[in-house]
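Structure record follows, encoded as structure tokens.
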Amino acid sequence: MKRANPDDSASETVVLEPRTSVTSFEGLPWALQKAVAGAINGFLYGDKSEKPSPYYKSPIARKNREKLARLASQVYGYINSTISEHSNIDDYYFRIWPRIEVDRKSGEIVEDPRFEVDLFRYIGRVAAKAIETKTRVNVIFVQADGDRMVSPSFARMLRRAVSGLKEVEPRIYADTRSAPSSLKERMMDARPHLFIGDSRVFALGSELAKTGPRLFLESEGKSEEIRKDEDLARFVVEHSGVKPEIFSNDTVVRPADEEIAKIGKRFSDEATDEPNDVIAALRVDRELDRLLEQVKRLTNGVDAIPSTTVARITSELKDKRNKWMELKSAHEAIVEEMKHLQRDFKGKRVNYDTYSVQRFMNIENRKSIERELVELQTYIKGDLRRKVMSVVDEPKGKGDRS
Amino acid sequence: MTPDDLSLDELEGTLSKINLDIKRLDGTRAVVPLREVRDNLTGMLVAARELDKLDQLHRRGDIVTDIYLSQRKKLTTDYYEQRNRMFEASLPALIESAPTTDKSKLRTMGQAIKESKEFLIPLMNLVSAVISLFGK
């Protein structure tokens, strides 16, 4: 997590690379704040920090929060460009690996943080307990003859304690008479006994206290008190070699390499769709030609000297036509670029990251050009046409002929 | 016609022919628009050649992808700018310069050039039609 700078002793900063938990799209800013603040606090105060640590409410922490909010914004930008806009964001989970350079003394983030993102496919949520065992374990309890207090109580506790450990099946004998002779031979005295596996045997001791009976499991001079079910479960686990791994309520995800390939395919499928022919739909070419033709009629032929009003209108029409041509060329070029990019991606000349970022930029670029085209069309068909018509409809002889 | 569809050899041939036509039309008002057409075609040729070269450089790994993509975008835009300028300004000016009162046939030819994927042959037909109107 921590990486010192190369010329370390002289360096006033340190590079920290904490990782966030795997989290949803909405949870990213919080996960980032939590991971980075934890890392900085750990670096500054270690485990000996006071509780609550002074870092979390310090002005430095507030400044760092601002920087991390910007980082979260960058992460969102990256994710938006990586995942298709048609995907359901709830299908994905993320882990961020920020790389931050902080001041050794104050803990302030001194440079813009960088980051990497692991992408996971969301599978679902589970609430379960799981256990991993070396071998199946026998846990046998033999109650003491005639004991109606301690033994039944311990037997119930044992059943409850091992109920979560599915590889452990408890067997309980009501008295020594019903127990197999092999077990009887291993018993140390007349007390109840607990057998864990083939080699471990414990005598159950008890003493009466003010709060009720206290239970002890004793073996080879060592004694351990068992107060509750969890104590007994832990005792069984420790002495049986069972390695429990208990998940309370967790989110299940899997790395999204396959998903990325699928998204990539979807991207390329989407890219095969021809974009709408915006240029043709706007019908500006014809309108400009018509307006220019009408203005030209006023000049009484190509070589005639136009009035200043007509010259101004003609000049504006030509300007707008040039602007239109420029935007049209840019639009055609970007559409062509998108097709080319897709071919390059399919031909593996461009990797997925570059492809997705470039495609996103191309889409944004195309949208912005289309916005400009529409604005220009609105102007040409509205204000400019009105201007032209006001000149065209003007009675002859009133124009300021030069 | 996209830069990929364009045959560079055909375009070079067309340019040679237009250069000869410019000499034939020397002294007429069609020379200026025809020179503009030639300049536009030259611009397209240069952009298409550069694109070809850029593609080869990238295939060989001589340039990084980011530069390749940004350069390609610029050259593609240049190509379309020249083509549209020719369609929207130079060719209409050439048609207007023709010494005839009925230009409807020439305008139809001009429209065909814009709509045709293989525009070089219709372009040469238009230029020939304009030259014949000058009696040359």
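Following the order of the structure tokens, first chain is A, next is B, and so on, with residues numbered from 1 inside each chain and ligands from 1 in the order they appear.
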- Query: Near segment 72-87 of chain A, counting only C-alpha atoms, which residues have an atom at most 6 Å away, once you skip same-chain residues fewer than 6 positions from it, shown as a list in words?
  - Reply: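 What passes the distance filter is Pro29, Ser356, Val357 and Phe360 of chain A.
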Those residues you just picked out, can you put them in a file as an mmCIF file, in the first residue's frame with C-alpha atoms?
```
data_model
loop_
_atom_site.group_PDB
_atom_site.id
_atom_site.type_symbol
_atom_site.label_atom_id
_atom_site.label_comp_id
_atom_site.auth_asym_id
_atom_site.auth_seq_id
_atom_site.Cartn_x
_atom_site.Cartn_y
_atom_site.Cartn_z
ATOM 1 C CA PRO A 29 -16.887 8.549 -3.954
ATOM 2 C CA SER A 356 -13.597 3.121 -26.275
ATOM 3 C CA VAL A 357 -12.109 6.493 -25.349
ATOM 4 C CA PHE A 360 -16.659 8.343 -26.887
#
```
Per residue of chain A within 8 Å of chain B, what are the shortest atom pair and its distance in Å to one decimal, counting only C-alpha atoms, with rows by chain and residue number, as JSON lines?
```
{"residue": "A:Met325", "atom": "CA", "partner": "B:Asn84", "partner_atom": "CA", "distance": 6.4}
{"residue": "A:Glu326", "atom": "CA", "partner": "B:Glu81", "partner_atom": "CA", "distance": 6.4}
{"residue": "A:Ser329", "atom": "CA", "partner": "B:Tyr80", "partner_atom": "CA", "distance": 5.0}
{"residue": "A:Ala330", "atom": "CA", "partner": "B:Thr77", "partner_atom": "CA", "distance": 5.5}
{"residue": "A:Glu332", "atom": "CA", "partner": "B:Tyr80", "partner_atom": "CA", "distance": 7.0}
{"residue": "A:Ala333", "atom": "CA", "partner": "B:Thr77", "partner_atom": "CA", "distance": 5.0}
{"residue": "A:Ile334", "atom": "CA", "partner": "B:Lys73", "partner_atom": "CA", "distance": 7.2}
{"residue": "A:Glu336", "atom": "CA", "partner": "B:Thr2", "partner_atom": "CA", "distance": 7.7}
{"residue": "A:Glu337", "atom": "CA", "partner": "B:Lys73", "partner_atom": "CA", "distance": 6.5}
{"residue": "A:Arg349", "atom": "CA", "partner": "B:Arg59", "partner_atom": "CA", "distance": 7.7}
{"residue": "A:Val350", "atom": "CA", "partner": "B:Thr65", "partner_atom": "CA", "distance": 7.1}
```
- Tell me which protein, DNA and RNA residues are within 12 Å of Ser104 of chain B, counting only C-alpha atoms, leaving out same-chain ones fewer than 6 positions away, and put them as a ChimeraX atom specification. /B:92,95-96,98,110-111
Can you spit out the residues from that selection as a CSV table (one decimal), in the first residue's frame, using N, CA and C atoms?
```csv
chain,number,residue,atom,x,y,z
B,92,PRO,N,-20.1,25.0,-59.3
B,92,PRO,CA,-21.1,25.9,-59.7
B,92,PRO,C,-20.6,27.1,-60.4
B,95,ILE,N,-19.8,26.2,-64.0
B,95,ILE,CA,-21.0,26.1,-64.7
B,95,ILE,C,-21.5,27.5,-65.1
B,96,GLU,N,-21.5,28.4,-64.1
B,96,GLU,CA,-21.9,29.8,-64.4
B,96,GLU,C,-21.1,30.5,-65.5
B,98,ALA,N,-20.0,29.2,-68.1
B,98,ALA,CA,-20.2,28.6,-69.5
B,98,ALA,C,-21.0,29.6,-70.3
B,110,GLY,N,-23.8,18.7,-62.9
B,110,GLY,CA,-23.1,19.1,-61.7
B,110,GLY,C,-23.8,18.3,-60.5
B,111,GLN,N,-25.1,18.2,-60.5
B,111,GLN,CA,-25.8,17.5,-59.5
B,111,GLN,C,-25.4,16.0,-59.5
```
- Query: Which neighbours of segment 142-144 of chain A fall inside 6 Å, counting only C-alpha atoms, when residues of the same chain fewer than 6 positions from it are skipped, and could you give them as JSON, numbers by chain?
  - Reply: {"A": [151, 172, 173, 174, 175, 191, 192, 193]}
What lies within 10 Å of Ser21 of chain A using only C-alpha atoms, ignoring chain neighbours under 4 positions off, as an mmCIF file with N, CA, C and O atoms, in the first residue's frame?
```cif
data_model
loop_
_atom_site.group_PDB
_atom_site.id
_atom_site.type_symbol
_atom_site.label_atom_id
_atom_site.label_comp_id
_atom_site.auth_asym_id
_atom_site.auth_seq_id
_atom_site.Cartn_x
_atom_site.Cartn_y
_atom_site.Cartn_z
ATOM 1 N N GLY A 27 -21.490 4.136 -5.026
ATOM 2 C CA GLY A 27 -20.671 4.085 -3.810
ATOM 3 C C GLY A 27 -19.217 4.514 -4.007
ATOM 4 O O GLY A 27 -18.448 4.554 -3.038
ATOM 5 N N LEU A 28 -18.849 4.834 -5.250
ATOM 6 C CA LEU A 28 -17.429 5.105 -5.530
ATOM 7 C C LEU A 28 -16.832 6.272 -4.735
ATOM 8 O O LEU A 28 -15.752 6.119 -4.159
ATOM 9 N N ALA A 31 -16.278 5.203 -1.168
ATOM 10 C CA ALA A 31 -15.227 4.189 -1.053
ATOM 11 C C ALA A 31 -13.845 4.830 -1.209
ATOM 12 O O ALA A 31 -12.893 4.468 -0.497
ATOM 13 N N LEU A 32 -13.755 5.778 -2.124
ATOM 14 C CA LEU A 32 -12.484 6.471 -2.334
ATOM 15 C C LEU A 32 -12.065 7.258 -1.093
ATOM 16 O O LEU A 32 -10.923 7.169 -0.637
ATOM 17 N N LYS A 34 -13.009 6.822 1.922
ATOM 18 C CA LYS A 34 -12.739 5.923 3.044
ATOM 19 C C LYS A 34 -11.346 5.296 2.922
ATOM 20 O O LYS A 34 -10.562 5.297 3.877
ATOM 21 N N ALA A 35 -11.051 4.797 1.720
ATOM 22 C CA ALA A 35 -9.769 4.107 1.532
ATOM 23 C C ALA A 35 -8.591 5.073 1.683
ATOM 24 O O ALA A 35 -7.606 4.764 2.368
ATOM 25 N N TYR A 93 -19.656 -3.559 -10.873
ATOM 26 C CA TYR A 93 -19.070 -3.112 -9.625
ATOM 27 C C TYR A 93 -17.619 -2.722 -9.909
ATOM 28 O O TYR A 93 -17.049 -3.169 -10.913
ATOM 29 N N PHE A 94 -17.073 -1.916 -9.028
ATOM 30 C CA PHE A 94 -15.759 -1.347 -9.343
ATOM 31 C C PHE A 94 -14.847 -1.372 -8.129
ATOM 32 O O PHE A 94 -15.320 -1.283 -6.988
ATOM 33 N N ARG A 95 -13.563 -1.490 -8.394
ATOM 34 C CA ARG A 95 -12.567 -1.270 -7.345
ATOM 35 C C ARG A 95 -11.566 -0.258 -7.889
ATOM 36 O O ARG A 95 -11.066 -0.420 -9.002
ATOM 37 N N ILE A 96 -11.328 0.783 -7.127
ATOM 38 C CA ILE A 96 -10.418 1.832 -7.575
ATOM 39 C C ILE A 96 -9.091 1.669 -6.855
ATOM 40 O O ILE A 96 -9.066 1.390 -5.653
ATOM 41 N N TRP A 97 -8.030 1.848 -7.579
ATOM 42 C CA TRP A 97 -6.675 1.823 -7.020
ATOM 43 C C TRP A 97 -6.094 3.220 -7.189
ATOM 44 O O TRP A 97 -5.421 3.486 -8.197
#
```
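Distance-wise, atom CA of Asp5 of chain B and atom CA of Phe345 of chain A end up 19.9 Å apart.
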- Backbone DSSP call of helix (DSSP H, G or I) for chain B, listed as a PyMOL selection string: chain B and resi 8-24+31-60+65-97+104-115+120-133
- Message: To test your reading of the structure, identify every residue in segment 25-196 of chain A that backbone DSSP assigns to strand (DSSP E or B), and report it as a PyMOL selection string.
- Response: chain A and resi 92-103+109+114-126+130-132+137-142+168-173+193-196
- Item | Distance in Å - atom CA of Val150 of chain A versus atom CA of Glu167 of chain A |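 These atoms are spaced 25.9 Å apart.
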- Write out as a VMD selection string which residues come within 10 Å of Arg321 of chain A when counting only C-alpha atoms, dropping same-chain ones fewer than 5 positions away. (chain A and resid 284 to 285 288 to 289 292 315 to 316 326 to 327 376 380) or (chain B and resid 85 88 to 89)
- Task: For atom CA of Tyr355 of chain A and atom CA of Leu373 of chain A, quote the distance in Å rounded to one decimal.
- Result: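 We find that atom CA of Tyr355 of chain A and atom CA of Leu373 of chain A lie 26.2 Å from each other.
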- Query: Hey, what's within 12 Å of segment 223-226 of chain A if we count only C-alpha atoms and toss same-chain stuff fewer than 6 positions away? As number ranges by chain, please?
  - Reply: A: 154, 157-158, 161, 202-207, 213-217, 232-236
